[in-house]
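Asks: One file: target.cif (mmCIF, C-alpha atoms (C1' of nucleotides)).
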```cif
data_coords
#
loop_
_atom_site.label_atom_id
_atom_site.label_comp_id
_atom_site.auth_asym_id
_atom_site.auth_seq_id
_atom_site.Cartn_x
_atom_site.Cartn_y
_atom_site.Cartn_z
CA MET A 1 117.62 61.60 131.48
CA GLU A 2 116.93 64.82 133.26
CA ARG A 3 114.82 67.65 132.00
CA HIS A 4 117.71 69.95 131.25
CA HIS A 5 119.18 67.50 128.79
CA GLN A 6 115.85 66.65 127.27
CA TRP A 7 115.30 70.23 126.36
CA ARG A 8 118.86 70.72 125.20
CA ASN A 9 118.61 67.79 122.84
CA ARG A 10 115.28 68.79 121.54
CA LEU A 11 116.50 72.27 120.76
CA GLN A 12 119.79 71.12 119.32
CA ASP A 13 117.96 68.83 116.95
CA GLN A 14 116.67 71.98 115.32
CA GLY A 15 119.95 73.87 115.48
CA TYR A 16 119.00 75.87 118.54
CA ARG A 17 120.81 76.19 121.83
CA LEU A 18 119.50 75.79 125.34
CA THR A 19 120.13 79.04 127.13
CA ILE A 20 119.28 80.16 130.61
CA SER A 21 116.52 82.36 129.26
CA ARG A 22 114.94 79.53 127.39
CA GLU A 23 115.10 77.20 130.33
CA VAL A 24 113.56 79.79 132.62
CA ILE A 25 110.79 80.53 130.16
CA ILE A 26 109.89 76.89 129.67
CA ASP A 27 109.97 76.42 133.44
CA THR A 28 107.66 79.31 133.98
CA LEU A 29 105.18 77.96 131.50
CA GLY A 30 105.29 74.62 133.25
CA LYS A 31 104.81 75.91 136.76
CA ASN A 32 102.05 78.39 136.22
CA THR A 33 98.40 78.04 135.43
CA GLY A 34 99.07 78.57 131.76
CA HIS A 35 97.65 81.15 129.38
CA LEU A 36 100.60 83.42 130.02
CA SER A 37 101.29 86.37 127.78
CA ALA A 38 104.82 87.39 126.91
CA GLU A 39 104.55 90.15 129.43
CA ASP A 40 103.15 87.85 132.11
CA ILE A 41 106.25 85.75 131.72
CA TYR A 42 108.44 88.81 131.81
CA MET A 43 106.85 89.98 135.05
CA THR A 44 107.07 86.55 136.60
CA ILE A 45 110.77 86.08 135.99
CA HIS A 46 112.00 89.64 136.14
CA GLY A 47 112.72 89.54 139.86
CA GLU A 48 115.02 86.51 139.63
CA HIS A 49 116.33 87.21 136.15
CA PRO A 50 116.34 90.92 135.52
CA SER A 51 118.60 90.52 132.54
CA ILE A 52 116.06 88.63 130.44
CA GLY A 53 114.30 91.08 128.14
CA LEU A 54 110.87 91.02 126.61
CA THR A 55 112.35 90.57 123.16
CA THR A 56 113.98 87.33 124.14
CA ILE A 57 110.72 86.09 125.52
CA TYR A 58 108.93 86.82 122.27
CA ARG A 59 111.69 85.18 120.29
CA THR A 60 111.74 82.12 122.50
CA LEU A 61 108.00 81.70 122.37
CA GLU A 62 108.13 81.84 118.62
CA ILE A 63 110.68 79.06 118.46
CA LEU A 64 108.86 76.94 121.02
CA THR A 65 105.64 77.34 119.12
CA ARG A 66 107.30 76.45 115.87
CA MET A 67 108.61 73.31 117.54
CA GLY A 68 105.21 72.40 118.91
CA ILE A 69 106.28 72.81 122.50
CA THR A 70 103.95 75.69 123.14
CA ILE A 71 100.60 76.63 121.69
CA LYS A 72 99.42 80.14 120.99
CA PHE A 73 96.00 81.29 122.05
CA ASP A 74 94.10 84.44 121.45
CA PHE A 75 91.34 84.93 123.94
CA GLY A 76 90.32 88.30 122.61
CA ASP A 77 91.97 90.61 125.08
CA GLY A 78 94.57 91.92 122.67
CA ARG A 79 97.53 89.87 123.72
CA THR A 80 98.68 86.46 122.65
CA ARG A 81 98.83 83.83 125.34
CA TYR A 82 100.85 80.65 125.46
CA GLU A 83 100.65 77.31 127.14
CA LEU A 84 102.74 74.18 126.97
CA SER A 85 101.27 71.71 124.54
CA GLU A 86 99.68 68.55 125.81
CA GLU A 87 102.76 66.56 125.03
CA TYR A 88 105.08 68.74 127.06
CA GLY A 89 102.87 70.22 129.73
CA ASN A 90 101.42 68.64 132.80
CA LYS A 91 97.82 69.16 131.87
CA LYS A 92 95.53 66.91 130.01
CA HIS A 93 93.48 67.85 127.04
CA HIS A 94 91.12 70.61 128.00
CA HIS A 95 89.04 73.36 126.55
CA HIS A 96 88.45 76.87 127.76
CA LEU A 97 85.72 78.82 129.46
CA ILE A 98 86.35 82.56 129.26
CA CYS A 99 84.80 85.39 131.21
CA THR A 100 84.11 88.29 128.90
CA GLU A 101 84.08 90.69 131.81
CA CYS A 102 87.27 89.98 133.76
CA ALA A 103 89.05 87.76 131.23
CA LYS A 104 89.33 84.92 133.71
CA ILE A 105 90.01 81.64 131.97
CA ILE A 106 88.93 78.26 133.28
CA ASP A 107 90.29 75.05 131.84
CA TYR A 108 87.72 72.31 131.85
CA THR A 109 88.16 68.67 131.09
CA ASP A 110 84.55 67.68 131.62
CA PHE A 111 82.81 66.36 128.54
CA VAL A 112 85.99 66.70 126.60
CA ASP A 113 85.76 63.06 125.60
CA GLU A 114 82.32 63.50 124.17
CA GLU A 115 83.39 66.68 122.48
CA LEU A 116 86.38 64.96 120.98
CA GLU A 117 84.33 62.12 119.64
CA LEU A 118 82.09 64.50 117.77
CA LEU A 119 85.00 66.67 116.71
CA HIS A 120 86.84 63.76 115.20
CA LYS A 121 83.83 62.54 113.35
CA THR A 122 83.24 66.05 112.04
CA GLU A 123 86.89 66.46 111.18
CA ASN A 124 86.80 63.37 109.04
CA GLU A 125 83.77 64.41 107.12
CA LEU A 126 84.90 67.98 106.63
CA SER A 127 88.29 66.79 105.49
CA LEU A 128 86.66 64.81 102.75
CA LYS A 129 84.12 67.34 101.69
CA TYR A 130 86.41 70.36 101.62
CA LYS A 131 89.68 68.56 100.93
CA PHE A 132 91.07 70.13 104.08
CA LYS A 133 93.78 68.44 106.08
CA ILE A 134 92.62 69.30 109.58
CA THR A 135 95.34 69.65 112.17
CA LYS A 136 93.70 71.42 115.06
CA HIS A 137 90.34 72.15 116.56
CA LEU A 138 89.14 74.82 118.85
CA ILE A 139 86.15 74.69 121.11
CA ARG A 140 85.50 77.35 123.62
CA PHE A 141 82.76 79.01 125.64
CA TYR A 142 82.42 82.65 126.56
CA GLY A 143 80.28 84.08 129.32
CA LEU A 144 80.24 85.64 132.73
CA CYS A 145 82.00 84.04 135.64
CA ASP A 146 80.51 83.65 139.07
CA ASN A 147 81.89 86.95 140.32
CA CYS A 148 81.09 89.03 137.27
CA GLN A 149 77.45 88.02 137.25
CA LYS A 150 76.86 90.19 140.30
CA MET B 1 59.56 98.94 105.27
CA GLU B 2 62.70 99.21 103.25
CA ARG B 3 66.19 98.44 104.44
CA HIS B 4 67.32 102.02 104.68
CA HIS B 5 64.61 102.84 107.19
CA GLN B 6 65.12 99.66 109.12
CA TRP B 7 68.71 100.55 109.75
CA ARG B 8 67.91 104.15 110.48
CA ASN B 9 65.38 103.18 113.12
CA ARG B 10 67.60 100.63 114.67
CA LEU B 11 70.42 103.13 114.99
CA GLN B 12 68.19 105.92 116.18
CA ASP B 13 66.86 103.72 118.93
CA GLN B 14 70.34 103.87 120.38
CA GLY B 15 70.88 107.55 119.70
CA TYR B 16 72.94 107.02 116.57
CA ARG B 17 72.41 108.37 113.10
CA LEU B 18 72.33 106.58 109.80
CA THR B 19 75.04 108.12 107.68
CA ILE B 20 76.24 107.30 104.20
CA SER B 21 79.36 105.71 105.63
CA ARG B 22 77.41 103.44 107.89
CA GLU B 23 75.05 102.40 105.17
CA VAL B 24 77.90 101.62 102.83
CA ILE B 25 79.75 99.63 105.48
CA ILE B 26 76.70 97.56 106.39
CA ASP B 27 76.06 96.99 102.70
CA THR B 28 79.58 95.83 102.12
CA LEU B 29 79.35 93.35 104.95
CA GLY B 30 76.13 92.03 103.49
CA LYS B 31 77.32 91.62 99.94
CA ASN B 32 80.68 90.05 100.53
CA THR B 33 81.75 86.66 101.73
CA GLY B 34 82.16 87.93 105.24
CA HIS B 35 85.19 87.83 107.50
CA LEU B 36 86.19 91.29 106.37
CA SER B 37 88.78 93.27 108.26
CA ALA B 38 88.47 97.02 108.66
CA GLU B 39 91.02 97.43 105.93
CA ASP B 40 89.26 94.98 103.62
CA ILE B 41 86.19 97.13 103.90
CA TYR B 42 88.22 100.25 103.31
CA MET B 43 89.74 98.80 100.16
CA THR B 44 86.40 97.56 98.91
CA ILE B 45 84.63 100.89 99.19
CA HIS B 46 87.47 103.30 98.59
CA GLY B 47 86.92 103.46 94.85
CA GLU B 48 83.29 104.52 95.11
CA HIS B 49 83.61 106.41 98.36
CA PRO B 50 87.09 107.84 98.66
CA SER B 51 86.01 110.16 101.44
CA ILE B 52 85.30 107.40 103.93
CA GLY B 53 88.32 106.94 106.15
CA LEU B 54 89.60 103.94 108.03
CA THR B 55 88.83 105.58 111.34
CA THR B 56 85.17 105.80 110.52
CA ILE B 57 85.15 102.17 109.59
CA TYR B 58 86.65 101.19 112.90
CA ARG B 59 84.21 103.40 114.74
CA THR B 60 81.25 102.06 112.83
CA LEU B 61 82.24 98.46 113.37
CA GLU B 62 82.52 99.11 117.06
CA ILE B 63 78.99 100.47 117.22
CA LEU B 64 77.56 97.72 115.08
CA THR B 65 79.23 95.12 117.24
CA ARG B 66 77.95 96.75 120.39
CA MET B 67 74.47 96.60 118.89
CA GLY B 68 74.82 92.96 117.96
CA ILE B 69 74.61 93.66 114.26
CA THR B 70 78.12 92.46 113.58
CA ILE B 71 80.31 89.88 115.26
CA LYS B 72 84.06 90.16 115.75
CA PHE B 73 86.34 87.28 114.92
CA ASP B 74 89.99 86.71 115.41
CA PHE B 75 91.33 84.04 113.13
CA GLY B 76 94.89 84.46 114.25
CA ASP B 77 96.29 86.54 111.44
CA GLY B 78 96.64 89.68 113.47
CA ARG B 79 93.61 91.56 112.32
CA THR B 80 90.07 91.55 113.60
CA ARG B 81 87.45 90.40 111.15
CA TYR B 82 83.75 91.09 111.12
CA GLU B 83 80.63 89.50 109.80
CA LEU B 84 76.96 90.32 110.06
CA SER B 85 75.35 88.37 112.84
CA GLU B 86 72.95 85.61 112.03
CA GLU B 87 69.98 87.83 112.70
CA TYR B 88 71.05 90.50 110.24
CA GLY B 89 73.10 88.66 107.68
CA ASN B 90 72.00 86.38 104.90
CA LYS B 91 73.85 83.34 106.12
CA LYS B 92 72.73 80.65 108.44
CA HIS B 93 74.54 79.47 111.48
CA HIS B 94 77.91 78.17 110.48
CA HIS B 95 81.32 77.42 111.85
CA HIS B 96 84.72 78.01 110.34
CA LEU B 97 87.46 76.00 108.73
CA ILE B 98 90.69 77.97 108.52
CA CYS B 99 93.78 77.34 106.44
CA THR B 100 96.86 78.02 108.52
CA GLU B 101 98.91 78.55 105.41
CA CYS B 102 96.97 81.00 103.27
CA ALA B 103 94.39 82.12 105.84
CA LYS B 104 91.51 81.06 103.62
CA ILE B 105 88.31 80.68 105.59
CA ILE B 106 85.53 78.31 104.71
CA ASP B 107 82.13 78.55 106.33
CA TYR B 108 80.53 75.20 106.81
CA THR B 109 77.05 74.38 107.89
CA ASP B 110 77.45 70.62 107.81
CA PHE B 111 77.08 68.91 111.17
CA VAL B 112 76.34 72.22 112.78
CA ASP B 113 73.13 70.82 114.22
CA GLU B 114 74.92 67.95 115.87
CA GLU B 115 77.59 70.27 117.11
CA LEU B 116 75.02 72.59 118.55
CA GLU B 117 73.25 69.81 120.34
CA LEU B 118 76.42 68.78 122.09
CA LEU B 119 77.42 72.37 122.73
CA HIS B 120 74.15 73.16 124.40
CA LYS B 121 74.29 70.12 126.57
CA THR B 122 77.86 70.98 127.52
CA GLU B 123 76.91 74.58 128.13
CA ASN B 124 74.26 73.58 130.60
CA GLU B 125 76.53 71.35 132.57
CA LEU B 126 79.45 73.74 132.59
CA SER B 127 77.16 76.57 133.64
CA LEU B 128 76.17 74.61 136.67
CA LYS B 129 79.55 73.29 137.62
CA TYR B 130 81.49 76.51 137.19
CA LYS B 131 78.65 78.94 137.89
CA PHE B 132 79.30 80.50 134.51
CA LYS B 133 76.58 82.22 132.56
CA ILE B 134 77.52 81.12 129.06
CA THR B 135 76.64 83.51 126.29
CA LYS B 136 78.63 82.35 123.32
CA HIS B 137 80.42 79.33 121.95
CA LEU B 138 83.14 78.94 119.45
CA ILE B 139 83.97 75.87 117.45
CA ARG B 140 86.50 75.94 114.71
CA PHE B 141 88.92 73.78 112.76
CA TYR B 142 92.37 74.68 111.51
CA GLY B 143 94.32 72.89 108.83
CA LEU B 144 95.60 73.04 105.30
CA CYS B 145 93.30 73.76 102.40
CA ASP B 146 93.30 71.85 99.17
CA ASN B 147 95.79 74.18 97.51
CA CYS B 148 98.18 74.54 100.40
CA GLN B 149 98.60 70.80 100.84
CA LYS B 150 100.66 70.70 97.66
"C1'" DC C 1 136.22 79.77 117.84
"C1'" DT C 2 132.01 80.67 115.48
"C1'" DA C 3 127.33 80.78 114.89
"C1'" DA C 4 123.44 81.33 117.68
"C1'" DC C 5 121.52 84.37 121.13
"C1'" DT C 6 120.69 88.65 123.48
"C1'" DG C 7 119.27 93.48 124.95
"C1'" DC C 8 118.31 97.85 123.46
"C1'" DA C 9 116.21 101.13 120.68
"C1'" DA C 10 113.82 101.85 116.65
"C1'" DA C 11 110.46 100.25 113.44
"C1'" DT C 12 105.97 97.95 112.30
"C1'" DT C 13 101.23 96.94 112.40
"C1'" DC C 14 96.69 97.33 113.91
"C1'" DT C 15 93.65 100.14 116.40
"C1'" DT C 16 92.19 104.19 119.18
"C1'" DT C 17 91.89 109.14 120.41
"C1'" DG C 18 91.86 114.40 120.18
"C1'" DC C 19 90.21 118.04 117.81
"C1'" DA C 20 88.40 121.12 114.54
"C1'" DT C 21 85.01 120.63 110.82
"C1'" DT C 22 80.92 118.63 108.56
"C1'" DA C 23 76.43 116.77 108.24
"C1'" DG C 24 71.99 114.14 109.99
"C1'" DT C 25 67.48 114.99 111.66
"C1'" DA D 1 70.21 124.59 115.44
"C1'" DC D 2 72.05 120.99 118.04
"C1'" DT D 3 74.70 117.15 118.53
"C1'" DA D 4 76.50 113.17 116.45
"C1'" DA D 5 79.80 111.82 113.01
"C1'" DT D 6 83.93 112.45 110.37
"C1'" DG D 7 88.83 112.89 108.60
"C1'" DC D 8 93.27 113.71 109.72
"C1'" DA D 9 97.21 113.40 112.36
"C1'" DA D 10 99.00 111.81 116.48
"C1'" DA D 11 98.98 108.51 120.15
"C1'" DG D 12 98.83 103.70 121.90
"C1'" DA D 13 99.74 98.94 122.47
"C1'" DA D 14 101.62 94.56 121.19
"C1'" DT D 15 105.04 92.61 118.60
"C1'" DT D 16 109.10 92.49 115.36
"C1'" DT D 17 113.58 93.81 113.55
"C1'" DG D 18 118.49 95.74 113.07
"C1'" DC D 19 122.64 95.71 115.10
"C1'" DA D 20 126.60 95.35 117.93
"C1'" DG D 21 128.03 92.90 121.90
"C1'" DT D 22 127.66 88.15 124.51
"C1'" DT D 23 127.63 83.23 125.17
"C1'" DA D 24 126.79 78.15 124.32
"C1'" DG D 25 128.84 74.10 122.55
#
```
Show me this structure written as structure tokens.
Replies:
Amino acid sequence: MERHHQWRNRLQDQGYRLTISREVIIDTLGKNTGHLSAEDIYMTIHGEHPSIGLTTIYRTLEILTRMGITIKFDFGDGRTRYELSEEYGNKKHHHHLICTECAKIIDYTDFVDEELELLHKTENELSLKYKFKITKHLIRFYGLCDNCQK
Amino acid sequence: MERHHQWRNRLQDQGYRLTISREVIIDTLGKNTGHLSAEDIYMTIHGEHPSIGLTTIYRTLEILTRMGITIKFDFGDGRTRYELSEEYGNKKHHHHLICTECAKIIDYTDFVDEELELLHKTENELSLKYKFKITKHLIRFYGLCDNCQK
DNA sequence: CTAACTGCAAATTCTTTGCATTAGT
DNA sequence: ACTAATGCAAAGAATTTGCAGTTAG
């Protein structure tokens, strides 16, 4: 079954419709490096689809996030960024390396396995101790990228 | 040397003055559980010090953060939260467990040593590979707290 | 056809800034 | 005294909401 229908079904399951805007937005998230803000998406598609407004992008991202298709990130630069979740995107599990100077974000997959092993062990123990049902972890490094060190 | 003078000196070193507002704000951060937003602080002190405005709180927090006395956190609820840094606060190194339902935040110190060991190892290797000068790490779990699971 | 979706403008929310006044040192 | 700090009101920036017109199924 082709992509178009996959998305349509998935949305319809929740009572939503697959519109041009939504398809374009999902597409954009899939094609780009990720970590796009609502405005990034707007800029990216505005040439081809001038009729899609920022509001629609915000509303779509909210739905997609609610459905688990996208994940919200806040990297500390004042705008929310989105990427397709592991299940729907074309990237494997990764964590982030963020430059505090230029806001550049690097996805790294190195050591993720080791990190995950520890995270899961920790998750289990914390779940028990604090009666928390843990659903998500976050691991991230901040620093200065190659360029900004100069 | 008493606290008052410690803070005064520290601020004066940077050309700042120790004012009532600043003392009260630092105090509030020290006494409370941490993770206070600017408005939380405002609410907390407004009874005793009705003349201290929100603006001053924002401005003070900015200075304190620049001086490394406080640390900014974004837990995803749309407001920036602050806590005294390890050096100045009365808490040891901890990480956070955040309820996605009620926004409750638990500080945990369990396993932090093991986490740190892995983080440092990872930091070293990532620094090399990506030529990043890593200055800060973040590790955090999200989930549902005891109450919100019901 | 009918409910979901949309753009636009206006409203919200958090945070920052300009400016005249007040207060540390 | 001299300059930093402050409160207030206004400005900003990102996001959300109300509403009347549009479109998917």
Asks: Using the chain letters and numbers from the file, which residues does the PyMOL selection byres ((chain B and resi 29) around 12) grab, as a count of residues only?
Replies: 37
Asks: Kindly give the distance, in Å, that separates atom C1' of C:DC8 and atom CA of A:Ile52, rounded to a single decimal.
Replies: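 Atom C1' of C:DC8 sits 11.8 Å away from atom CA of A:Ile52.
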Asks: For chain D, work out the contacting residues on chain A at 8 Å, counting all atoms listed in the file, and write them as a short mmCIF file (atom, residue, chain, number, x, y, z; two decimals) with C-alpha atoms, in the frame of the given file.
Replies:
```
data_model
loop_
_atom_site.label_atom_id
_atom_site.label_comp_id
_atom_site.auth_asym_id
_atom_site.auth_seq_id
_atom_site.Cartn_x
_atom_site.Cartn_y
_atom_site.Cartn_z
CA ARG A 17 120.81 76.19 121.83
CA LEU A 18 119.50 75.79 125.34
CA THR A 19 120.13 79.04 127.13
CA TYR A 58 108.93 86.82 122.27
CA GLY A 78 94.57 91.92 122.67
CA ARG A 79 97.53 89.87 123.72
#
```
Asks: One decimal, Å: what's the distance from atom CA of B:Gly76 over to atom CA of A:Arg10, could you say?
Replies: 26.7 Å
Asks: Quick one: of B:His94, B:His5, B:Leu138, B:Gln149, who's nearest to A:Phe75, counting only C-alpha atoms?
Replies: B:Leu138
Asks: Can you translate the PyMOL selection byres ((chain B) within 7 of (chain A)) into the concrete residues it hits in this file, as a list in words?
Replies: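 So the PyMOL selection byres ((chain B) within 7 of (chain A)) ends up selecting Phe111, Thr122, Lys131, Phe132, Lys133, Ile134, Thr135, Lys136, His137, Leu138, Ile139, Arg140, Phe141, Tyr142, Gly143, Leu144, Cys145 and Asp146 of chain B.
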Asks: Using all atoms listed in the file, I'd like a table of the residues in chain C that come within 12 Å of chain B; for each, show the closest atom pair and its distance in Å rounded to one decimal, ordered by chain and ascending number, as JSON lines.
Replies:
```
{"residue": "C:DT13", "atom": "C1'", "partner": "B:Gly78", "partner_atom": "CA", "distance": 8.7}
{"residue": "C:DC14", "atom": "C1'", "partner": "B:Arg79", "partner_atom": "CA", "distance": 6.7}
{"residue": "C:DT15", "atom": "C1'", "partner": "B:Tyr58", "partner_atom": "CA", "distance": 7.9}
{"residue": "C:DT16", "atom": "C1'", "partner": "B:Thr55", "partner_atom": "CA", "distance": 8.6}
{"residue": "C:DT17", "atom": "C1'", "partner": "B:Thr55", "partner_atom": "CA", "distance": 10.2}
{"residue": "C:DA23", "atom": "C1'", "partner": "B:Thr19", "partner_atom": "CA", "distance": 8.8}
{"residue": "C:DG24", "atom": "C1'", "partner": "B:Arg17", "partner_atom": "CA", "distance": 6.6}
{"residue": "C:DT25", "atom": "C1'", "partner": "B:Arg17", "partner_atom": "CA", "distance": 8.4}
```
Asks: Can you sort out the box for stretch 73-81 of chain B, edges along x, y and z, all listed atoms in, 3 Å on every side, with centre and edge lengths in Å to one decimal, as AutoDock Vina command-line options?
Replies:
```
--center_x 91.5 --center_y 87.8 --center_z 113.3 --size_x 16.3 --size_y 13.5 --size_z 10.3
```
Asks: Distance atom CA of B:Ala103-atom CA of B:Gly47, one decimal place?
Replies: 25.1 Å
Asks: So which one's closest to C:DA4, A:Asp113, A:Glu48, A:Asn124, A:Gln14? Using only C-alpha atoms (C1' of nucleotides), please.
Replies: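 Residue with the minimum atom-to-atom distance to C:DA4: A:Gln14.
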